[in-house]
Amino acid sequence: MVSVKDAPRTSTTIVIRSDANARITRSRDPYFSLMRRLFQEDATAMRGQKFLMMVEERQKSGNPVKTSEWEDLIKELDVGRASFYSMRNKLLGAGLISNRNNEYRLSGQFSRDLMDLARWWQTAILGENPDDS
């Protein structure tokens, strides 16, 4: 049996909303709104947001969060080990963070994947030229 820590993290599910009022840019807390599209429960979304903010702050300060700090992270986030790794795997699968050289870093893969999806839809399905937008 594979432990949660070592589980594959190649993809995740994200909620897409078509209602213009549900746009993240219209949210009072866009970061939390994004997390709610990844996580079903508010508490997990808040932990995901807190973890991402920790990764962001530490990365900017030149002291990235190391994977070996998992015990401190679960205490800081007030979550069990399996729940931490499940949350982390969703963030990795979504492409919001990466794990390189045993350090967590913010990743641009999430935005690249969404832009690629939007471009494909616009050109292949709608038959529009994305450069005309």
# chains A, B, ... in the order shown; residues from 1 in each chain; ligands from 1

call {"tool": "select_by_dssp", "arguments": {"residues": "stretch 12-107 of chain A", "states": "strand (DSSP E)", "output": "list in words"}}
result
Val65, Lys66, Ile97, Ser98, Asn99, Arg100, Glu103, Tyr104, Arg105 and Leu106 of chain A

call {"tool": "residues_around", "arguments": {"residues": "A:Gly48", "least_positions_apart": "6", "cutoff": "8 Å", "atoms": "only C-alpha atoms", "output": "PyMOL selection string"}}
result
chain A and resi 35+87-88+91

call {"tool": "closest_atom_pairs", "arguments": {"of": "stretch 8-67 of chain A", "to": "stretch 95-104 of chain A", "cutoff": "6 Å", "atoms": "only C-alpha atoms", "output": "Markdown table"}}
result
| residue | atom | partner | partner_atom | distance |
| --- | --- | --- | --- | --- |
| A:Val65 | CA | A:Tyr104 | CA | 5.5 |
| A:Lys66 | CA | A:Glu103 | CA | 4.3 |
| A:Thr67 | CA | A:Asn102 | CA | 5.3 |

call {"tool": "closest_residue", "arguments": {"among": "A:Glu69, A:Asp29, A:Asp116, A:Asp131", "to": "A:Ala45", "atoms": "only C-alpha atoms"}}
result
A:Asp29

call {"tool": "residues_around", "arguments": {"residues": "A:Asp78", "least_positions_apart": "5", "cutoff": "12 Å", "atoms": "only C-alpha atoms", "output": "PyMOL selection string"}}
result
chain A and resi 43-44+46-48+50-51+70-73+83-84

call {"tool": "residues_around", "arguments": {"residues": "A:Gln40", "least_positions_apart": "6", "cutoff": "12 Å", "atoms": "only C-alpha atoms", "output": "PDB file with all heavy atoms, in the first residue's frame"}}
result
ATOM      1  N   THR A  13      -8.797  17.895  -9.095  1.00  0.00           N
ATOM      2  CA  THR A  13     -10.040  18.444  -9.619  1.00  0.00           C
ATOM      3  C   THR A  13     -10.199  19.873  -9.127  1.00  0.00           C
ATOM      4  O   THR A  13      -9.946  20.167  -7.970  1.00  0.00           O
ATOM      5  CB  THR A  13     -11.241  17.602  -9.125  1.00  0.00           C
ATOM      6  OG1 THR A  13     -11.055  16.255  -9.570  1.00  0.00           O
ATOM      7  CG2 THR A  13     -12.543  18.138  -9.666  1.00  0.00           C
ATOM      8  N   ILE A  14     -10.630  20.736 -10.018  1.00  0.00           N
ATOM      9  CA  ILE A  14     -10.908  22.124  -9.649  1.00  0.00           C
ATOM     10  C   ILE A  14     -12.307  22.461 -10.151  1.00  0.00           C
ATOM     11  O   ILE A  14     -12.711  22.036 -11.234  1.00  0.00           O
ATOM     12  CB  ILE A  14      -9.865  23.103 -10.221  1.00  0.00           C
ATOM     13  CG1 ILE A  14     -10.133  24.518  -9.721  1.00  0.00           C
ATOM     14  CG2 ILE A  14      -9.811  23.061 -11.729  1.00  0.00           C
ATOM     15  CD1 ILE A  14      -9.008  25.489  -9.977  1.00  0.00           C
ATOM     16  N   VAL A  15     -13.057  23.190  -9.353  1.00  0.00           N
ATOM     17  CA  VAL A  15     -14.415  23.589  -9.712  1.00  0.00           C
ATOM     18  C   VAL A  15     -14.339  24.806 -10.624  1.00  0.00           C
ATOM     19  O   VAL A  15     -13.693  25.798 -10.294  1.00  0.00           O
ATOM     20  CB  VAL A  15     -15.247  23.901  -8.451  1.00  0.00           C
ATOM     21  CG1 VAL A  15     -16.613  24.444  -8.818  1.00  0.00           C
ATOM     22  CG2 VAL A  15     -15.366  22.666  -7.574  1.00  0.00           C
ATOM     23  N   PHE A  32      -8.769  32.716  -1.015  1.00  0.00           N
ATOM     24  CA  PHE A  32      -9.644  31.729  -0.389  1.00  0.00           C
ATOM     25  C   PHE A  32     -10.626  31.157  -1.415  1.00  0.00           C
ATOM     26  O   PHE A  32     -10.904  29.959  -1.405  1.00  0.00           O
ATOM     27  CB  PHE A  32     -10.409  32.338   0.792  1.00  0.00           C
ATOM     28  CG  PHE A  32     -11.319  31.366   1.472  1.00  0.00           C
ATOM     29  CD1 PHE A  32     -10.807  30.336   2.247  1.00  0.00           C
ATOM     30  CD2 PHE A  32     -12.693  31.453   1.310  1.00  0.00           C
ATOM     31  CE1 PHE A  32     -11.640  29.414   2.867  1.00  0.00           C
ATOM     32  CE2 PHE A  32     -13.535  30.537   1.924  1.00  0.00           C
ATOM     33  CZ  PHE A  32     -13.010  29.520   2.700  1.00  0.00           C
ATOM     34  N   SER A  33     -11.130  31.991  -2.312  1.00  0.00           N
ATOM     35  CA  SER A  33     -12.052  31.509  -3.353  1.00  0.00           C
ATOM     36  C   SER A  33     -11.384  30.452  -4.222  1.00  0.00           C
ATOM     37  O   SER A  33     -12.011  29.455  -4.593  1.00  0.00           O
ATOM     38  CB  SER A  33     -12.539  32.664  -4.220  1.00  0.00           C
ATOM     39  OG  SER A  33     -13.323  33.544  -3.475  1.00  0.00           O
ATOM     40  N   LEU A  34     -10.118  30.672  -4.546  1.00  0.00           N
ATOM     41  CA  LEU A  34      -9.377  29.669  -5.316  1.00  0.00           C
ATOM     42  C   LEU A  34      -9.256  28.373  -4.522  1.00  0.00           C
ATOM     43  O   LEU A  34      -9.479  27.278  -5.059  1.00  0.00           O
ATOM     44  CB  LEU A  34      -7.987  30.204  -5.680  1.00  0.00           C
ATOM     45  CG  LEU A  34      -7.040  29.204  -6.357  1.00  0.00           C
ATOM     46  CD1 LEU A  34      -7.621  28.684  -7.663  1.00  0.00           C
ATOM     47  CD2 LEU A  34      -5.680  29.840  -6.574  1.00  0.00           C
ATOM     48  N   MET A  46      -8.840  26.887   4.118  1.00  0.00           N
ATOM     49  CA  MET A  46      -8.074  27.849   4.922  1.00  0.00           C
ATOM     50  C   MET A  46      -6.660  27.334   5.177  1.00  0.00           C
ATOM     51  O   MET A  46      -5.691  28.104   5.117  1.00  0.00           O
ATOM     52  CB  MET A  46      -8.799  28.155   6.226  1.00  0.00           C
ATOM     53  CG  MET A  46     -10.014  29.027   6.021  1.00  0.00           C
ATOM     54  SD  MET A  46     -10.783  29.624   7.539  1.00  0.00           S
ATOM     55  CE  MET A  46     -11.609  28.163   8.120  1.00  0.00           C
ATOM     56  N   GLY A  48      -5.020  25.202   3.269  1.00  0.00           N
ATOM     57  CA  GLY A  48      -4.323  25.266   1.983  1.00  0.00           C
ATOM     58  C   GLY A  48      -3.816  26.669   1.702  1.00  0.00           C
ATOM     59  O   GLY A  48      -2.681  26.861   1.261  1.00  0.00           O
ATOM     60  N   MET A  87      -3.641  17.380   1.430  1.00  0.00           N
ATOM     61  CA  MET A  87      -3.753  18.782   1.016  1.00  0.00           C
ATOM     62  C   MET A  87      -2.581  19.161   0.117  1.00  0.00           C
ATOM     63  O   MET A  87      -2.756  19.750  -0.949  1.00  0.00           O
ATOM     64  CB  MET A  87      -3.789  19.688   2.241  1.00  0.00           C
ATOM     65  CG  MET A  87      -3.817  21.168   1.922  1.00  0.00           C
ATOM     66  SD  MET A  87      -3.282  22.193   3.309  1.00  0.00           S
ATOM     67  CE  MET A  87      -1.575  21.723   3.483  1.00  0.00           C
ATOM     68  N   LYS A  90      -2.874  17.767  -3.368  1.00  0.00           N
ATOM     69  CA  LYS A  90      -3.818  18.512  -4.205  1.00  0.00           C
ATOM     70  C   LYS A  90      -3.160  19.765  -4.769  1.00  0.00           C
ATOM     71  O   LYS A  90      -3.348  20.108  -5.937  1.00  0.00           O
ATOM     72  CB  LYS A  90      -5.068  18.899  -3.420  1.00  0.00           C
ATOM     73  CG  LYS A  90      -6.210  17.950  -3.603  1.00  0.00           C
ATOM     74  CD  LYS A  90      -7.489  18.629  -3.131  1.00  0.00           C
ATOM     75  CE  LYS A  90      -8.643  17.715  -3.314  1.00  0.00           C
ATOM     76  NZ  LYS A  90      -9.285  17.849  -4.601  1.00  0.00           N
TER      77      LYS A  90
END
